[in-house]
>>> print(open('final31.cif').read())   # mmCIF, C-alpha atoms
data_data
#
loop_
_atom_site.label_atom_id
_atom_site.label_comp_id
_atom_site.auth_asym_id
_atom_site.auth_seq_id
_atom_site.Cartn_x
_atom_site.Cartn_y
_atom_site.Cartn_z
CA PHE A 514 104.46 256.27 58.69
CA GLY A 515 104.85 259.82 60.12
CA LEU A 516 106.78 261.14 57.11
CA GLY A 517 104.44 259.47 54.67
CA GLU A 518 101.48 261.06 56.39
CA MET A 519 103.15 264.48 56.51
CA PHE A 520 103.85 264.51 52.77
CA SER A 521 100.65 262.87 51.62
CA LYS A 522 98.93 264.55 48.72
CA SER A 523 96.02 265.83 50.80
CA LYS A 524 98.35 267.41 53.36
CA VAL A 525 100.47 269.06 50.70
CA GLU A 526 97.40 270.49 49.00
CA ARG A 527 96.05 271.76 52.30
CA PHE A 528 99.24 273.57 53.24
CA LYS A 529 100.31 274.54 49.74
CA PRO A 530 99.37 278.23 50.26
CA VAL A 531 101.38 278.30 53.48
CA LEU A 532 104.39 276.75 51.75
CA ILE A 533 104.16 279.31 48.94
CA ILE A 534 104.13 282.20 51.41
CA VAL A 535 106.99 280.84 53.52
CA LEU A 536 109.14 280.15 50.47
CA SER A 537 108.36 283.59 49.00
CA VAL A 538 109.42 285.34 52.19
CA VAL A 539 112.58 283.23 52.44
CA LEU A 540 113.42 284.01 48.81
CA ILE A 541 112.89 287.75 49.37
CA CYS A 542 115.23 287.64 52.39
CA CYS A 543 117.83 285.78 50.34
CA LEU A 544 117.51 288.27 47.52
CA VAL A 545 117.92 291.21 49.91
CA ARG A 546 121.16 289.61 51.06
CA SER A 547 122.12 289.07 47.43
CA HIS A 548 121.42 292.76 46.77
CA ILE A 549 123.89 293.70 49.51
CA ARG A 550 126.47 291.43 47.93
CA THR A 551 125.78 293.10 44.58
CA LEU A 552 127.28 296.25 46.02
CA ASP A 553 130.45 294.27 46.78
CA TRP A 554 130.73 292.38 43.49
CA LYS A 555 129.88 294.44 40.45
CA ASP A 556 129.58 291.44 38.17
CA ASN A 557 126.97 289.76 40.35
CA TYR A 558 124.10 291.28 38.39
CA SER A 559 125.10 289.24 35.35
CA PHE A 560 123.76 286.26 37.33
CA LEU A 561 120.46 288.08 37.90
CA GLY A 562 120.33 288.93 34.21
CA SER A 563 120.20 285.28 33.29
CA SER A 564 118.30 283.88 36.27
CA TYR A 565 115.24 286.15 36.14
CA LYS A 566 114.37 284.77 32.69
CA ILE A 567 113.78 281.28 34.09
CA SER A 568 111.82 282.45 37.15
CA LYS A 569 108.25 281.17 36.94
CA ASP A 570 106.99 282.83 40.12
CA PRO A 571 105.99 286.44 39.20
CA LEU A 572 106.91 287.86 42.63
CA LEU A 573 110.37 286.31 42.52
CA LYS A 574 110.79 287.55 38.96
CA ALA A 575 109.66 291.07 39.95
CA VAL A 576 112.18 291.21 42.80
CA LYS A 577 115.03 290.01 40.56
CA LEU A 578 114.14 292.51 37.83
CA GLY A 579 114.02 295.33 40.39
CA MET A 580 117.44 294.33 41.73
CA LEU A 581 118.79 294.12 38.21
CA GLY A 582 117.51 297.61 37.39
CA LYS A 583 119.08 298.95 40.57
CA ALA A 584 122.40 297.28 39.78
CA VAL A 585 122.43 298.78 36.28
CA SER A 586 121.61 302.25 37.67
CA ILE A 587 124.59 301.97 40.08
CA PHE A 588 127.21 300.38 37.86
CA GLU A 589 126.06 301.64 34.45
CA PRO A 590 124.51 305.05 35.27
CA TYR A 591 124.72 306.08 31.62
CA GLN A 592 122.34 303.20 30.72
CA LYS A 593 119.25 305.05 31.95
CA GLU A 594 116.87 303.47 29.45
CA LYS A 595 118.13 299.98 30.28
CA SER A 596 117.54 300.35 34.02
CA THR A 597 114.13 301.97 33.41
CA ASN A 598 113.06 299.04 31.25
CA TYR A 599 114.02 296.59 34.01
CA PHE A 600 111.98 298.59 36.55
CA ARG A 601 108.97 298.63 34.24
CA GLU A 602 109.26 294.88 33.61
CA SER A 603 109.45 294.45 37.38
CA LEU A 604 106.20 296.38 37.81
CA TYR A 605 104.52 294.19 35.22
CA SER A 606 105.55 291.01 37.07
CA LEU A 607 104.58 292.62 40.36
CA HIS A 608 101.09 293.31 39.02
CA LYS A 609 100.76 289.63 38.09
CA ALA A 610 101.99 288.62 41.54
CA LYS A 611 99.45 290.93 43.18
CA THR A 612 96.60 289.53 41.11
CA GLU A 613 97.56 285.92 41.93
CA THR A 614 98.02 286.71 45.63
CA LYS A 615 94.58 288.33 45.84
CA LYS A 616 93.02 285.19 44.34
CA LEU A 617 94.88 282.96 46.81
CA LYS A 618 93.83 285.24 49.65
CA LEU A 619 90.14 284.82 48.82
CA LYS A 620 90.57 281.07 48.69
CA TYR A 621 92.88 280.34 51.62
CA GLN A 622 93.36 283.38 53.95
CA ASP A 623 90.69 282.42 56.47
CA SER A 624 91.91 278.83 56.74
CA LEU A 625 95.56 279.67 57.42
CA PRO A 626 96.86 278.71 60.88
CA LEU A 627 97.22 281.55 63.37
CA VAL A 628 100.94 280.92 63.68
CA ILE A 629 101.37 281.81 60.00
CA LYS A 630 99.48 285.07 60.49
CA SER A 631 101.39 285.92 63.67
CA TYR A 632 104.67 285.73 61.75
CA GLY A 633 103.37 287.94 58.95
CA LEU A 634 103.42 285.11 56.41
CA ASP A 635 99.77 285.29 55.37
CA TYR A 636 98.41 286.72 52.13
CA ASP A 637 97.49 290.12 53.58
CA SER A 638 101.07 290.56 54.77
CA LEU A 639 102.39 289.43 51.41
CA LEU A 640 100.19 292.02 49.69
CA SER A 641 101.62 294.71 51.96
CA LYS A 642 105.16 293.70 50.93
CA ILE A 643 104.13 293.85 47.28
CA ALA A 644 102.73 297.35 47.89
CA PHE A 645 106.04 298.43 49.44
CA VAL A 646 108.04 297.15 46.44
CA GLU A 647 105.62 298.80 43.99
CA ALA A 648 105.73 302.17 45.77
CA SER A 649 109.53 302.02 45.95
CA LEU A 650 109.84 301.24 42.25
CA ARG A 651 107.41 303.92 41.15
CA CYS A 652 108.59 306.78 43.40
CA LEU A 653 112.25 306.07 44.15
CA GLU A 654 113.36 304.52 40.87
CA LEU A 655 110.96 305.69 38.18
CA LYS A 656 110.46 309.10 39.85
CA GLU A 657 106.68 309.09 39.58
CA GLU A 658 104.78 311.58 41.75
CA ASN A 659 105.02 310.95 45.49
CA LYS A 660 101.22 310.93 45.64
CA VAL A 661 101.27 307.65 43.68
CA GLY A 662 103.30 305.92 46.38
CA LEU A 663 101.24 307.48 49.18
CA THR A 664 98.05 306.15 47.59
CA ILE A 665 99.52 302.64 47.25
CA LEU A 666 100.77 302.51 50.85
CA LYS A 667 97.96 304.34 52.67
CA PRO A 668 95.69 301.29 53.21
CA TYR A 669 98.55 299.40 54.86
CA VAL A 670 99.60 302.38 57.00
CA LYS A 671 96.10 302.97 58.34
CA ARG A 672 95.59 299.34 59.42
CA SER A 673 97.99 298.71 62.28
CA ARG A 674 98.52 294.97 61.64
CA PHE A 675 99.92 295.70 58.17
CA ALA A 676 101.94 298.73 59.22
CA GLU A 677 105.35 297.17 58.72
CA PRO A 678 108.34 299.35 59.63
CA ARG A 679 109.69 299.72 56.09
CA ILE A 680 106.25 300.74 54.86
CA LEU A 681 105.91 303.36 57.59
CA ASP A 682 109.41 304.69 56.89
CA LEU A 683 108.81 305.00 53.14
CA TYR A 684 105.38 306.54 53.70
CA ALA A 685 106.83 309.15 56.09
CA ASN A 686 109.63 310.07 53.70
CA LEU A 687 107.16 310.47 50.83
CA LEU A 688 105.11 312.76 53.09
CA ILE A 689 108.24 314.79 53.81
CA SER A 690 108.83 315.14 50.07
CA GLU A 691 105.28 316.49 49.84
CA ARG A 692 106.08 318.90 52.74
CA LYS A 693 103.48 317.29 54.99
CA TYR A 694 105.81 317.52 57.96
CA VAL A 695 103.32 317.20 60.83
CA GLU A 696 101.82 313.99 59.46
CA ALA A 697 105.26 312.61 58.58
CA LYS A 698 106.53 313.13 62.13
CA LYS A 699 103.47 311.34 63.55
CA VAL A 700 104.12 308.36 61.27
CA LEU A 701 107.81 308.17 62.25
CA LEU A 702 107.01 308.39 65.97
CA ARG A 703 104.38 305.69 65.54
CA ALA A 704 106.90 303.49 63.72
CA ASN A 705 109.43 303.93 66.53
CA SER A 706 106.73 303.10 69.10
CA LEU A 707 105.66 299.93 67.27
CA TYR A 708 109.19 298.82 66.38
CA PRO A 709 111.69 300.38 68.83
CA ASN A 710 115.37 300.80 67.95
CA LEU A 711 115.23 299.94 64.26
CA PRO A 712 118.18 301.77 62.68
CA PHE A 713 116.39 303.12 59.62
CA THR A 714 113.49 304.49 61.72
CA LEU A 715 115.85 306.15 64.18
CA THR A 716 117.96 307.69 61.41
CA SER A 717 114.81 308.96 59.69
CA LEU A 718 113.76 310.57 62.96
CA ALA A 719 117.26 312.03 63.34
CA ASP A 720 117.11 313.46 59.82
CA PHE A 721 113.67 314.92 60.53
CA THR A 722 114.65 316.57 63.82
CA PHE A 723 117.81 317.98 62.21
CA ASN A 724 116.25 319.29 58.99
CA HIS A 725 112.79 320.34 60.17
CA ASP A 726 112.73 320.67 63.97
CA LYS A 727 116.28 322.11 64.02
CA ASP A 728 116.78 320.25 67.31
CA LEU A 729 120.39 319.04 67.44
CA ARG A 730 120.01 317.43 70.86
CA LYS A 731 117.12 315.23 69.69
CA THR A 732 119.04 314.45 66.51
CA GLU A 733 121.96 313.30 68.64
CA MET A 734 119.64 311.32 70.94
CA TYR A 735 118.13 309.33 68.07
CA LEU A 736 121.51 308.68 66.45
CA LEU A 737 123.10 307.54 69.72
CA LYS A 738 120.15 305.18 70.31
CA ALA A 739 120.69 303.78 66.83
CA PHE A 740 124.43 303.51 67.45
CA LYS A 741 123.90 301.69 70.76
CA SER A 742 121.89 298.91 69.12
CA HIS A 743 123.74 298.93 65.77
CA PRO A 744 127.34 300.05 66.46
CA TYR A 745 128.69 298.75 63.13
CA ASP A 746 126.14 300.46 60.86
CA LYS A 747 128.20 302.73 58.60
CA ASP A 748 125.29 305.08 57.81
CA ILE A 749 124.71 305.75 61.51
CA LEU A 750 128.43 306.32 62.07
CA LEU A 751 128.58 308.75 59.14
CA LYS A 752 125.59 310.72 60.41
CA LEU A 753 127.16 311.03 63.87
CA PHE A 754 130.48 312.03 62.29
CA ASP A 755 128.75 314.71 60.18
CA LEU A 756 126.67 315.97 63.13
CA TYR A 757 129.70 316.48 65.35
CA GLN A 758 131.60 318.19 62.52
CA LYS A 759 128.73 320.66 62.21
CA GLU A 760 128.92 321.23 65.97
CA ASN A 761 132.72 321.41 65.91
CA ASN A 762 132.83 318.84 68.73
CA SER A 763 136.47 317.79 68.43
CA SER A 764 136.52 314.75 70.72
CA GLN A 765 133.43 313.25 69.05
CA ILE A 766 134.71 314.07 65.55
CA ALA A 767 137.84 312.07 66.33
CA LYS A 768 135.89 309.17 67.86
CA TYR A 769 133.34 308.72 65.08
CA GLY A 770 135.81 309.58 62.32
CA TYR A 771 137.98 306.72 63.54
CA LEU A 772 135.01 304.34 63.88
CA TYR A 773 133.69 305.25 60.41
CA GLY A 774 137.16 304.72 58.96
CA LEU A 775 137.35 301.38 60.74
CA ARG A 776 134.03 300.30 59.22
CA THR A 777 134.56 301.64 55.67
CA HIS A 778 138.36 301.99 55.29
CA SER A 779 137.81 305.67 54.49
CA LYS A 780 141.11 307.52 54.18
CA SER A 781 139.47 310.92 54.65
CA ALA A 782 137.71 309.81 57.87
CA TYR A 783 140.94 308.39 59.30
CA LEU A 784 142.77 311.60 58.32
CA GLN A 785 140.16 313.77 60.02
CA ALA A 786 140.43 311.60 63.14
CA LEU A 787 144.24 311.80 63.10
CA VAL A 788 144.32 315.60 62.69
CA THR A 789 141.79 315.99 65.52
CA TYR A 790 143.64 313.60 67.84
CA LEU A 791 146.85 315.57 67.19
CA ASN A 792 145.10 318.87 67.94
CA LEU A 793 143.74 317.36 71.17
CA ARG A 794 147.18 315.89 71.93
CA GLN A 795 145.62 312.45 72.35
CA LEU A 796 148.76 310.80 71.05
CA ASN A 797 147.88 307.18 71.88
CA SER A 798 144.70 307.48 69.83
CA ALA A 799 146.66 309.20 67.06
CA LYS A 800 149.11 306.28 67.03
CA LYS A 801 146.41 303.64 66.49
CA THR A 802 144.89 305.79 63.72
CA ILE A 803 148.28 306.00 62.01
CA SER A 804 148.57 302.21 61.90
CA LYS A 805 145.20 302.04 60.10
CA LEU A 806 146.13 304.83 57.68
CA LEU A 807 149.39 303.18 56.71
CA GLN A 808 147.51 299.97 55.88
CA ILE A 809 145.21 301.65 53.36
CA ALA A 810 147.26 304.66 52.15
CA PRO A 811 150.99 303.98 52.68
CA ASN A 812 152.07 306.46 49.98
CA ASP A 813 149.45 309.16 50.36
CA PRO A 814 151.30 312.50 50.73
CA GLU A 815 148.69 314.09 53.00
CA ALA A 816 148.61 311.07 55.33
CA LEU A 817 152.41 310.98 55.46
CA TYR A 818 152.49 314.70 56.23
CA PHE A 819 150.26 314.37 59.30
CA ILE A 820 152.00 311.19 60.42
CA SER A 821 155.26 313.16 60.47
CA LYS A 822 153.57 315.67 62.80
CA TYR A 823 152.80 312.84 65.23
CA TYR A 824 156.43 311.75 65.34
CA PHE A 825 157.54 315.35 65.84
CA GLU A 826 155.15 315.60 68.81
CA ILE A 827 156.69 312.52 70.45
CA LYS A 828 160.18 313.93 69.70
CA ASN A 829 161.16 311.15 67.31
CA TYR A 830 162.64 313.69 64.90
CA GLN A 831 164.37 311.25 62.56
CA LYS A 832 161.13 309.38 61.95
CA ALA A 833 159.33 312.69 61.49
CA LEU A 834 161.93 313.63 58.89
CA SER A 835 161.60 310.25 57.15
CA PHE A 836 157.81 310.53 56.78
CA LEU A 837 157.97 314.18 55.74
CA LEU A 838 160.60 313.43 53.08
CA ASN A 839 158.44 310.61 51.75
CA SER A 840 155.47 313.00 51.64
CA TYR A 841 157.60 315.58 49.78
CA TYR A 842 158.69 313.02 47.15
CA GLN A 843 155.10 311.77 46.74
CA CYS A 844 153.96 315.38 46.19
CA LYS A 845 156.52 315.85 43.43
CA LYS A 846 155.60 312.54 41.88
CA SER A 847 151.82 312.75 41.92
CA GLY A 848 151.13 316.44 41.23
CA VAL A 849 148.98 317.12 44.28
CA ASP A 850 147.17 320.28 45.34
CA PRO A 851 149.72 323.16 45.42
CA LEU A 852 148.64 324.18 48.94
CA LEU A 853 149.44 320.70 50.27
CA ALA A 854 152.73 320.69 48.37
CA PHE A 855 153.59 324.07 49.94
CA ASP A 856 152.73 322.94 53.48
CA VAL A 857 154.80 319.78 53.10
CA SER A 858 157.80 321.64 51.63
CA ASN A 859 157.57 324.51 54.12
CA ASN A 860 157.45 322.14 57.10
CA LEU A 861 160.29 320.06 55.67
CA ALA A 862 162.46 323.19 55.35
CA LYS A 863 161.62 324.20 58.93
CA LEU A 864 162.42 320.68 60.17
CA TYR A 865 165.78 320.74 58.40
CA LEU A 866 166.51 324.07 60.09
CA PHE A 867 165.39 322.71 63.47
CA LEU A 868 167.75 319.74 63.03
CA GLY A 869 170.65 322.04 62.13
CA ASN A 870 170.77 321.35 58.38
CA LYS A 871 170.43 324.95 57.17
CA ASP A 872 171.85 324.24 53.69
CA ALA A 873 169.13 321.67 52.98
CA ALA A 874 166.51 324.12 54.27
CA ILE A 875 167.78 326.91 52.00
CA LYS A 876 167.87 324.62 48.99
CA LEU A 877 164.27 323.63 49.62
CA ALA A 878 163.17 327.24 50.24
CA ASN A 879 164.37 328.15 46.75
CA GLU A 880 162.02 325.53 45.25
CA ILE A 881 158.76 326.20 47.01
CA GLU A 882 157.78 329.69 45.82
CA THR A 883 156.09 328.09 42.79
CA PHE A 884 153.62 326.36 45.15
CA ALA A 885 152.63 329.68 46.79
CA GLY A 886 151.11 331.26 43.68
CA ASN A 887 149.27 334.49 44.49
CA ASN A 888 147.85 333.28 47.78
CA VAL A 889 148.68 336.07 50.27
CA GLU A 890 148.29 333.84 53.33
CA VAL A 891 150.72 331.30 51.88
CA LEU A 892 153.15 334.00 50.79
CA LEU A 893 153.21 335.36 54.35
CA LYS A 894 154.27 331.90 55.57
CA LEU A 895 156.96 331.86 52.89
CA ALA A 896 158.19 335.30 53.98
CA LYS A 897 158.47 334.00 57.53
CA LEU A 898 160.55 331.06 56.30
CA TYR A 899 162.85 333.36 54.29
CA LYS A 900 163.34 335.52 57.38
CA SER A 901 164.23 332.52 59.57
CA LEU A 902 166.82 331.43 56.99
CA GLY A 903 168.31 334.94 56.61
CA LEU A 904 167.39 335.11 52.89
CA THR A 905 166.99 338.90 52.78
CA ASP A 906 166.68 339.30 49.00
CA ASP A 907 164.05 336.56 48.77
CA LEU A 908 162.21 338.05 51.75
CA ASN A 909 162.07 341.52 50.17
CA SER A 910 160.92 340.07 46.85
CA CYS A 911 158.19 338.13 48.61
CA ILE A 912 157.02 341.23 50.52
CA ARG A 913 156.81 343.24 47.28
CA LYS A 914 154.73 340.50 45.70
CA ILE A 915 152.34 340.50 48.67
CA GLN A 916 151.98 344.29 48.49
CA SER A 917 151.35 344.17 44.75
CA ILE A 918 148.62 341.56 45.18
CA LYS A 919 146.96 343.54 47.98
CA THR A 920 147.07 346.75 45.90
CA GLY A 921 145.55 344.94 42.93
CA ASN A 922 142.78 343.54 45.15
CA ARG A 923 141.93 347.01 46.46
CA HIS A 924 141.65 348.32 42.88
CA VAL A 925 139.31 345.48 41.96
CA GLN A 926 137.11 346.27 44.96
#
>>> encode(input="final31.cif", output="structure tokens")
Amino acid sequence: FGLGEMFSKSKVERFKPVLIIVLSVVLICCLVRSHIRTLDWKDNYSFLGSSYKISKDPLLKAVKLGMLGKAVSIFEPYQKEKSTNYFRESLYSLHKAKTETKKLKLKYQDSLPLVIKSYGLDYDSLLSKIAFVEASLRCLELKEENKVGLTILKPYVKRSRFAEPRILDLYANLLISERKYVEAKKVLLRANSLYPNLPFTLTSLADFTFNHDKDLRKTEMYLLKAFKSHPYDKDILLKLFDLYQKENNSSQIAKYGYLYGLRTHSKSAYLQALVTYLNLRQLNSAKKTISKLLQIAPNDPEALYFISKYYFEIKNYQKALSFLLNSYYQCKKSGVDPLLAFDVSNNLAKLYLFLGNKDAAIKLANEIETFAGNNVEVLLKLAKLYKSLGLTDDLNSCIRKIQSIKTGNRHVQ
């Protein structure tokens, strides 16, 4: 009896608007998750390409078309017209959705249960979400004037109940683009007051304080707050990593470089962390970074070069030699940057000499002049190597080359 009553025709008709709103919100959430997965699987947008055609709900169709346009712009950047057409089709469907939602609002908004309104599932809230999507499409994707987006969003920013965090964040960033910095800061602070600790609001505040207030301590404060509540967010980790690199804060560079590498499998972040840990002589931390590097870049010559430095520091000279030799062979095989090839070869020659194998060091020294080019700083290192090996003729030749380059530079000046 209970189920029959619940699904009776009169009940369904009465709550049909509510069901439409709930299902629309659920579908949007699912599609946001699908958008994230699109970034992982490049072929996923082929599914959207076929599914949007059978979508009868205009809002659902608009969201799918917008996602499809975004996917094309990421994975087929040369197909500018194609992505633009999808965005314009999305706007057309969005306009239909807005018109239908306004009609439903007039008919049902006042009769909706309070619980629906409290969860932001009513028609006014749905219209605010449509406004956000429209402003994003017009200003971020189709590059229309920022004033267009500001006009669309302004009614929902001014009325506190519809001031959703994403709307406030987009509105503030459009204001920044229009150089209305005072108003933008007020909007961002209001967003953080209404919705504390949201990562995108905190990172927007961090960007603002860094770029406009020039206040590094406040920038750090906002980013650390964001990190505390969202420690796995790669954008927050990258911003902290970049901030501490600008400040030349070695211990924090190493920490957040390692964490960013852990989250994104970034070779360059792991390398930066390893180099910094070695400079700080934090060898246990360097060791754990090495294990991660070897998982993602086992034959990378630069990684192998710095790994050899770790083993030299712990006095495991044979392992240092093994990694440095591997780096040397990878350099010869892959045609890397000559400066890296020089550093690897130079250090290998010095290691051979340190281990008592002077013949191997001399043989290597005869090969590496080609990597030095006309770089005076590198040639000075080469001269030092020649001197340590007792290669007087090579040393004198190298010194003459350095003098010639310096003389030529003075003439140019």
>>> resolve_selection(input="final31.cif", expression="the PyMOL selection byres ((chain A and resi 609) around 12)", output="PyMOL selection string")
chain A and resi 569-575+602-608+610-616+640+643+647
>>> atom_distance(input="final31.cif", atom1="atom CA of Tyr842 of chain A", atom2="atom CA of Tyr773 of chain A")
29.3 Å
>>> atom_distance(input="final31.cif", atom1="atom CA of Phe884 of chain A", atom2="atom CA of Ile915 of chain A")
14.6 Å
>>> residues_near_point(input="final31.cif", point="(151.3, 308.6, 60.6)", cutoff="7 Å", atoms="only C-alpha atoms", output="mmCIF file with C-alpha atoms, keeping the file's coordinate frame")
data_model
loop_
_atom_site.group_PDB
_atom_site.id
_atom_site.type_symbol
_atom_site.label_atom_id
_atom_site.label_comp_id
_atom_site.auth_asym_id
_atom_site.auth_seq_id
_atom_site.Cartn_x
_atom_site.Cartn_y
_atom_site.Cartn_z
ATOM 1 C CA ILE A 803 148.280 306.000 62.010
ATOM 2 C CA LEU A 807 149.390 303.180 56.710
ATOM 3 C CA ALA A 816 148.610 311.070 55.330
ATOM 4 C CA LEU A 817 152.410 310.980 55.460
ATOM 5 C CA PHE A 819 150.260 314.370 59.300
ATOM 6 C CA ILE A 820 152.000 311.190 60.420
ATOM 7 C CA SER A 821 155.260 313.160 60.470
ATOM 8 C CA TYR A 823 152.800 312.840 65.230
#
>>> resolve_selection(input="final31.cif", expression="the PyMOL selection byres ((chain A and resi 579) around 9)", output="ChimeraX atom specification")
/A:574-578,580-584,596,599-604,646,650
>>> write_last_selection(input="final31.cif", atoms="C-alpha atoms", output="short mmCIF file (atom, residue, chain, number, x, y, z; two decimals), keeping the file's coordinate frame")
data_model
loop_
_atom_site.label_atom_id
_atom_site.label_comp_id
_atom_site.auth_asym_id
_atom_site.auth_seq_id
_atom_site.Cartn_x
_atom_site.Cartn_y
_atom_site.Cartn_z
CA LYS A 574 110.79 287.55 38.96
CA ALA A 575 109.66 291.07 39.95
CA VAL A 576 112.18 291.21 42.80
CA LYS A 577 115.03 290.01 40.56
CA LEU A 578 114.14 292.51 37.83
CA MET A 580 117.44 294.33 41.73
CA LEU A 581 118.79 294.12 38.21
CA GLY A 582 117.51 297.61 37.39
CA LYS A 583 119.08 298.95 40.57
CA ALA A 584 122.40 297.28 39.78
CA SER A 596 117.54 300.35 34.02
CA TYR A 599 114.02 296.59 34.01
CA PHE A 600 111.98 298.59 36.55
CA ARG A 601 108.97 298.63 34.24
CA GLU A 602 109.26 294.88 33.61
CA SER A 603 109.45 294.45 37.38
CA LEU A 604 106.20 296.38 37.81
CA VAL A 646 108.04 297.15 46.44
CA LEU A 650 109.84 301.24 42.25
#
>>> closest_residue(input="final31.cif", among="A:Tyr818, A:Ile629, A:Lys845, A:Ala648", to="Leu861 of chain A", atoms="all atoms listed in the file")
A:Tyr818
>>> atom_distance(input="final31.cif", atom1="atom CA of Asn859 of chain A", atom2="atom CA of Gln795 of chain A")
24.9 Å
>>> resolve_selection(input="final31.cif", expression="the PyMOL selection byres ((chain A and resi 670) around 12)", output="JSON, numbers by chain")
{"A": [641, 642, 644, 645, 662, 663, 664, 665, 666, 667, 668, 669, 671, 672, 673, 674, 675, 676, 677, 678, 679, 680, 681, 682, 683, 684, 685, 697, 699, 700, 701, 703, 704]}
>>> write_last_selection(input="final31.cif", atoms="C-alpha atoms", output="PDB file, in the coordinates of the input")
ATOM      1  CA  SER A 641     101.620 294.710  51.960  1.00  0.00           C
ATOM      2  CA  LYS A 642     105.160 293.700  50.930  1.00  0.00           C
ATOM      3  CA  ALA A 644     102.730 297.350  47.890  1.00  0.00           C
ATOM      4  CA  PHE A 645     106.040 298.430  49.440  1.00  0.00           C
ATOM      5  CA  GLY A 662     103.300 305.920  46.380  1.00  0.00           C
ATOM      6  CA  LEU A 663     101.240 307.480  49.180  1.00  0.00           C
ATOM      7  CA  THR A 664      98.050 306.150  47.590  1.00  0.00           C
ATOM      8  CA  ILE A 665      99.520 302.640  47.250  1.00  0.00           C
ATOM      9  CA  LEU A 666     100.770 302.510  50.850  1.00  0.00           C
ATOM     10  CA  LYS A 667      97.960 304.340  52.670  1.00  0.00           C
ATOM     11  CA  PRO A 668      95.690 301.290  53.210  1.00  0.00           C
ATOM     12  CA  TYR A 669      98.550 299.400  54.860  1.00  0.00           C
ATOM     13  CA  LYS A 671      96.100 302.970  58.340  1.00  0.00           C
ATOM     14  CA  ARG A 672      95.590 299.340  59.420  1.00  0.00           C
ATOM     15  CA  SER A 673      97.990 298.710  62.280  1.00  0.00           C
ATOM     16  CA  ARG A 674      98.520 294.970  61.640  1.00  0.00           C
ATOM     17  CA  PHE A 675      99.920 295.700  58.170  1.00  0.00           C
ATOM     18  CA  ALA A 676     101.940 298.730  59.220  1.00  0.00           C
ATOM     19  CA  GLU A 677     105.350 297.170  58.720  1.00  0.00           C
ATOM     20  CA  PRO A 678     108.340 299.350  59.630  1.00  0.00           C
ATOM     21  CA  ARG A 679     109.690 299.720  56.090  1.00  0.00           C
ATOM     22  CA  ILE A 680     106.250 300.740  54.860  1.00  0.00           C
ATOM     23  CA  LEU A 681     105.910 303.360  57.590  1.00  0.00           C
ATOM     24  CA  ASP A 682     109.410 304.690  56.890  1.00  0.00           C
ATOM     25  CA  LEU A 683     108.810 305.000  53.140  1.00  0.00           C
ATOM     26  CA  TYR A 684     105.380 306.540  53.700  1.00  0.00           C
ATOM     27  CA  ALA A 685     106.830 309.150  56.090  1.00  0.00           C
ATOM     28  CA  ALA A 697     105.260 312.610  58.580  1.00  0.00           C
ATOM     29  CA  LYS A 699     103.470 311.340  63.550  1.00  0.00           C
ATOM     30  CA  VAL A 700     104.120 308.360  61.270  1.00  0.00           C
ATOM     31  CA  LEU A 701     107.810 308.170  62.250  1.00  0.00           C
ATOM     32  CA  ARG A 703     104.380 305.690  65.540  1.00  0.00           C
ATOM     33  CA  ALA A 704     106.900 303.490  63.720  1.00  0.00           C
TER      34      ALA A 704
END
>>> closest_residue(input="final31.cif", among="A:Glu733, A:Asp850, A:Asp872, A:Glu654", to="Tyr757 of chain A", atoms="all atoms listed in the file")
A:Glu733
>>> residues_around(input="final31.cif", residues="Asp746 of chain A", least_positions_apart="2", cutoff="12 Å", atoms="all atoms listed in the file", output="MDAnalysis selection string")
chainID A and resid 711:713 716 736:737 739:744 748:753 769 772:777
